[in-house]
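Chemist: Supplied in structure tokens, the structure appears directly below.
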Amino acid sequence: MFDLLDDALEKNAYILFKAGQALFALTHKEIASQVRQWFFPSLEKQTRSLSPEALQLLKEYRDRLIETDWKDYREGVYPIDILFENDVEEFLKAYFLVWQDHPQTWQRVNSKKFKDFAPEIAKKEQEYPQYYFQNFHFQTDGYLSDRSAEIYDLQVELLFNGAADAMRRRILAPLKAGIIDKRGSILDIACGTGRSLQFIQAAFPQMSLYGIDLSEPYLQKAEQRLGKTVNLKRGQGEKLPYPDAFFTAVTSTFTFHELPRSIRKQIIAECDRVLKPGGILVLCDSLQGGDIPEFDPVLSNFASIFHEPYYSDYVRDDLSNTLKEIGFQNIEIQLHWLSKYWIARKP
């Protein structure tokens, strides 16, 4: 009886925790929108409205995501502490920087600048692929400054009303079910600040973890978060610097919508190359058009509000077919709120 009571208290505490994050994010966005309208009234863009039924469905799917997040913990996929992970000092520092950065971002949107970098970054343009060297989301310095790395995770949590981490964690249950060698190795492509790797590390403490990303500042942030326990490397997903058949599993989270179609295909081919026979690939990204038809206006609004040059193509790209063409088998698709997952096996 006491175990049941404790479980109910823990679950209610988690639901309240996520509800508080959602309320904070919605309040932040409302205030930011009002401030932006005062200074940049021309930035109010035409977006598609959602019906009351679609708004209710959005809430129901988000509630279902949070329920699944709790269920996976209860089934032993990951420890409970990652559900409540919340560094208050880090949050306050990042939140101050978010507000400090808003005027620069709004000015960039107003002037339609998406290749606007500090001089010391701009001179390094030739070091990066052209598809990468731009201000995604119109954010300051794109992914190429220390400040960007400091505020990125909070920006994403605010965007997704406190549910971004819950969506990231949906890669863990398929990995748990699909990995046979629990002492093997996992690679996270475009690992960024190491947020997904942090969750993978909690779920697979015995496995060797690797991360690759193009951004040196984001890799430095990942090293601060993960320490020296993860092998981090700067590089491109379409040119992985690892030998053939090296990894037990490969993951990538919220990456493919920021890539041209040809690069998506090259990365999937590289995943096939570096995976061991029987290895598992788990990709997480945005919903695509028609996955949940009621949410299509949300996808359209995202593309119109943010600088996402490859998103309109991404939502039409048949990645399941690309996986099959390259040779992956047993392809499974899952949908969790606003995210989509491809789980595939190398024969």
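Ordered as shown in the structure tokens, chains take letters A, B, and onward, while each chain numbers its residues from 1 and ligands are numbered from 1 in the order shown.
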Can I get the residues of range 118-137 of chain A within 12 Å of range 259-271 of chain A, each with the closest pair of atoms and their distance in Å to one decimal, using only C-alpha atoms, sorted chain first then ascending number, as a Markdown table?

Modeler:
```
| residue | atom | partner | partner_atom | distance |
| --- | --- | --- | --- | --- |
| A:Pro129 | CA | A:Ile263 | CA | 10.5 |
| A:Gln130 | CA | A:Pro260 | CA | 10.5 |
| A:Tyr131 | CA | A:Leu259 | CA | 6.9 |
| A:Tyr132 | CA | A:Leu259 | CA | 7.9 |
| A:Phe133 | CA | A:Leu259 | CA | 11.5 |
| A:Gln134 | CA | A:Leu259 | CA | 11.8 |
| A:Phe136 | CA | A:Leu259 | CA | 11.0 |
```

Chemist: Can you check which parts of range 161-201 of chain A lie within 9 Å of range 249-254 of chain A? Per residue, the shortest pair of atoms and distance in Å to one decimal, counting only C-alpha atoms, sorted by chain and number, as a Markdown table.

Modeler:
```
| residue | atom | partner | partner_atom | distance |
| --- | --- | --- | --- | --- |
| A:Arg168 | CA | A:Thr253 | CA | 6.8 |
| A:Ile171 | CA | A:Thr251 | CA | 7.8 |
| A:Leu175 | CA | A:Ala249 | CA | 7.6 |
| A:Gly178 | CA | A:Ala249 | CA | 8.8 |
| A:Ile179 | CA | A:Ala249 | CA | 7.2 |
| A:Gly184 | CA | A:Ala249 | CA | 8.3 |
| A:Ser185 | CA | A:Ala249 | CA | 6.7 |
| A:Ile186 | CA | A:Ala249 | CA | 4.8 |
| A:Leu187 | CA | A:Val250 | CA | 4.7 |
| A:Asp188 | CA | A:Thr251 | CA | 4.8 |
| A:Ile189 | CA | A:Ser252 | CA | 5.0 |
| A:Ala190 | CA | A:Ser252 | CA | 6.5 |
| A:Cys191 | CA | A:Ser252 | CA | 7.3 |
| A:Ser196 | CA | A:Thr253 | CA | 7.4 |
```

Chemist: Go ahead and dump the residues you just picked, N, CA and C atoms, as a compact mmCIF listing (two decimals), in the first residue's frame.

Modeler:
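As written to disk, selection_0.txt reads:
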```txt
# COMPACT_ATOMS: atom_id res chain seq x y z
N ARG A 168 12.93 14.09 -26.33
CA ARG A 168 14.26 13.50 -26.52
C ARG A 168 14.34 12.10 -25.90
N ILE A 171 13.72 8.30 -27.41
CA ILE A 171 14.66 7.44 -28.14
C ILE A 171 15.16 6.30 -27.24
N LEU A 175 15.91 2.00 -27.85
CA LEU A 175 17.30 1.55 -27.67
C LEU A 175 17.38 0.40 -26.66
N GLY A 178 16.13 -2.68 -28.29
CA GLY A 178 16.83 -3.14 -29.48
C GLY A 178 18.29 -3.48 -29.30
N ILE A 179 18.93 -3.00 -28.23
CA ILE A 179 20.35 -3.26 -28.03
C ILE A 179 20.54 -4.59 -27.31
N GLY A 184 28.25 -2.40 -25.37
CA GLY A 184 28.73 -1.93 -26.67
C GLY A 184 28.92 -0.43 -26.68
N SER A 185 28.67 0.19 -27.84
CA SER A 185 28.93 1.62 -28.00
C SER A 185 27.77 2.29 -28.75
N ILE A 186 27.50 3.54 -28.39
CA ILE A 186 26.43 4.32 -29.00
C ILE A 186 27.00 5.64 -29.49
N LEU A 187 26.64 6.01 -30.71
CA LEU A 187 27.02 7.29 -31.28
C LEU A 187 25.79 8.18 -31.41
N ASP A 188 25.93 9.44 -30.95
CA ASP A 188 24.87 10.44 -31.15
C ASP A 188 25.38 11.47 -32.15
N ILE A 189 24.71 11.55 -33.30
CA ILE A 189 25.11 12.46 -34.38
C ILE A 189 24.45 13.81 -34.16
N ALA A 190 25.25 14.89 -34.36
CA ALA A 190 24.80 16.26 -34.07
C ALA A 190 24.38 16.35 -32.61
N CYS A 191 25.30 15.96 -31.74
CA CYS A 191 25.00 15.83 -30.31
C CYS A 191 24.80 17.17 -29.62
N SER A 196 20.87 14.95 -25.17
CA SER A 196 20.43 13.57 -25.43
C SER A 196 21.44 12.56 -24.89
```

Chemist: Which residue out of A:Lys71, A:Arg170, A:His28, A:Lys93 has the minimum interatomic distance to Trp337 in chain A when only C-alpha atoms are used?

Modeler: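 The answer is A:Arg170, which sits nearest to Trp337 in chain A.
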
Chemist: Which value, in Å to one decimal, gives the distance between CA of Tyr314 in chain A and CA of Asp296 in chain A?

Modeler: 13.3 Å

Chemist: What does the distance between CA of Arg64 in chain A and CA of Ala203 in chain A come to in Å, to one decimal place?

Modeler: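 For CA of Arg64 in chain A relative to CA of Ala203 in chain A, the distance reads 21.4 Å.
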
Chemist: Using only C-alpha atoms, can you tell me which of A:Lys346, A:Lys239, A:Arg316, A:Lys11 comes closest to Leu83 in chain A?

Modeler: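 Looking at the shortest contact to Leu83 in chain A, the residue is A:Lys11.
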
Chemist: Return as JSON lines the residues of range 123-233 of chain A lying at most 10 Å from range 112-118 of chain A, together with the closest atom-to-atom pair for each and the distance in Å to one decimal, counting only C-alpha atoms, with rows in chain order and ascending residue number.

Modeler:
```
{"residue": "A:Lys123", "atom": "CA", "partner": "A:Ala118", "partner_atom": "CA", "distance": 8.8}
{"residue": "A:Glu125", "atom": "CA", "partner": "A:Phe117", "partner_atom": "CA", "distance": 9.6}
{"residue": "A:Phe133", "atom": "CA", "partner": "A:Lys115", "partner_atom": "CA", "distance": 7.2}
{"residue": "A:Gln134", "atom": "CA", "partner": "A:Lys115", "partner_atom": "CA", "distance": 4.8}
{"residue": "A:Asn135", "atom": "CA", "partner": "A:Phe114", "partner_atom": "CA", "distance": 4.8}
{"residue": "A:Phe136", "atom": "CA", "partner": "A:Phe114", "partner_atom": "CA", "distance": 7.3}
{"residue": "A:His137", "atom": "CA", "partner": "A:Phe114", "partner_atom": "CA", "distance": 8.5}
{"residue": "A:Phe138", "atom": "CA", "partner": "A:Phe114", "partner_atom": "CA", "distance": 5.9}
{"residue": "A:Gln139", "atom": "CA", "partner": "A:Phe114", "partner_atom": "CA", "distance": 8.6}
{"residue": "A:Thr140", "atom": "CA", "partner": "A:Phe117", "partner_atom": "CA", "distance": 7.2}
{"residue": "A:Asp141", "atom": "CA", "partner": "A:Phe117", "partner_atom": "CA", "distance": 5.0}
{"residue": "A:Gly142", "atom": "CA", "partner": "A:Phe117", "partner_atom": "CA", "distance": 7.7}
{"residue": "A:Leu144", "atom": "CA", "partner": "A:Phe117", "partner_atom": "CA", "distance": 8.7}
{"residue": "A:Ser145", "atom": "CA", "partner": "A:Ala118", "partner_atom": "CA", "distance": 8.9}
```

Chemist: Which residue, A:Leu281, A:Ile200, A:Ala25, A:Leu55, has the smallest gap to Glu157 in chain A when you use only C-alpha atoms?

Modeler: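 Looking at the shortest contact to Glu157 in chain A, the residue is A:Ala25.
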
Chemist: Quick one: residues within 12 Å of Gln334 in chain A, only C-alpha atoms counted, chain neighbours fewer than 6 positions away excluded, as a list in words?

Modeler: Leu65, Met167, Arg170, Ile171, Ala173, Pro174, Val282, Leu283, Cys284, Asp285, Ser286, Leu287, Gln288, Asp291, Ile292, Ser320, Lys340, Tyr341, Trp342, Ile343 and Ala344 of chain A

Chemist: List every residue of range 91-267 of chain A that DSSP, applied to the backbone, labels as alpha helix (DSSP H), and write the result as a PyMOL selection string.

Modeler: chain A and resi 91-111+119-122+146-159+164-168+172-178+195-203+216-226+261-267

Chemist: Quick one: pull the distance between CA of Lys18 in chain A and CA of Ile66 in chain A, Å, one decimal.

Modeler: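 Taking CA of Lys18 in chain A as the start and CA of Ile66 in chain A as the end point, the length is 7.8 Å.
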
Chemist: Rank nothing, just name the residue among A:Pro217, A:Pro205, A:Gly194, A:Pro52 nearest to Ser148 in chain A, using only C-alpha atoms.

Modeler: A:Pro217

Chemist: Given only C-alpha atoms as the basis, pick out the residue of A:Ala222, A:Ile212, A:Ala177, A:Leu154 nearest to Val88 in chain A.

Modeler: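 Result for the nearest residue to Val88 in chain A: A:Leu154.
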
Chemist: Which one of A:Ala164, A:Asn330, A:His257, A:Gly289 sits closest to Gln21 in chain A if you count only C-alpha atoms?

Modeler: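 Answer, going by the shortest atom-to-atom distance: A:Ala164.
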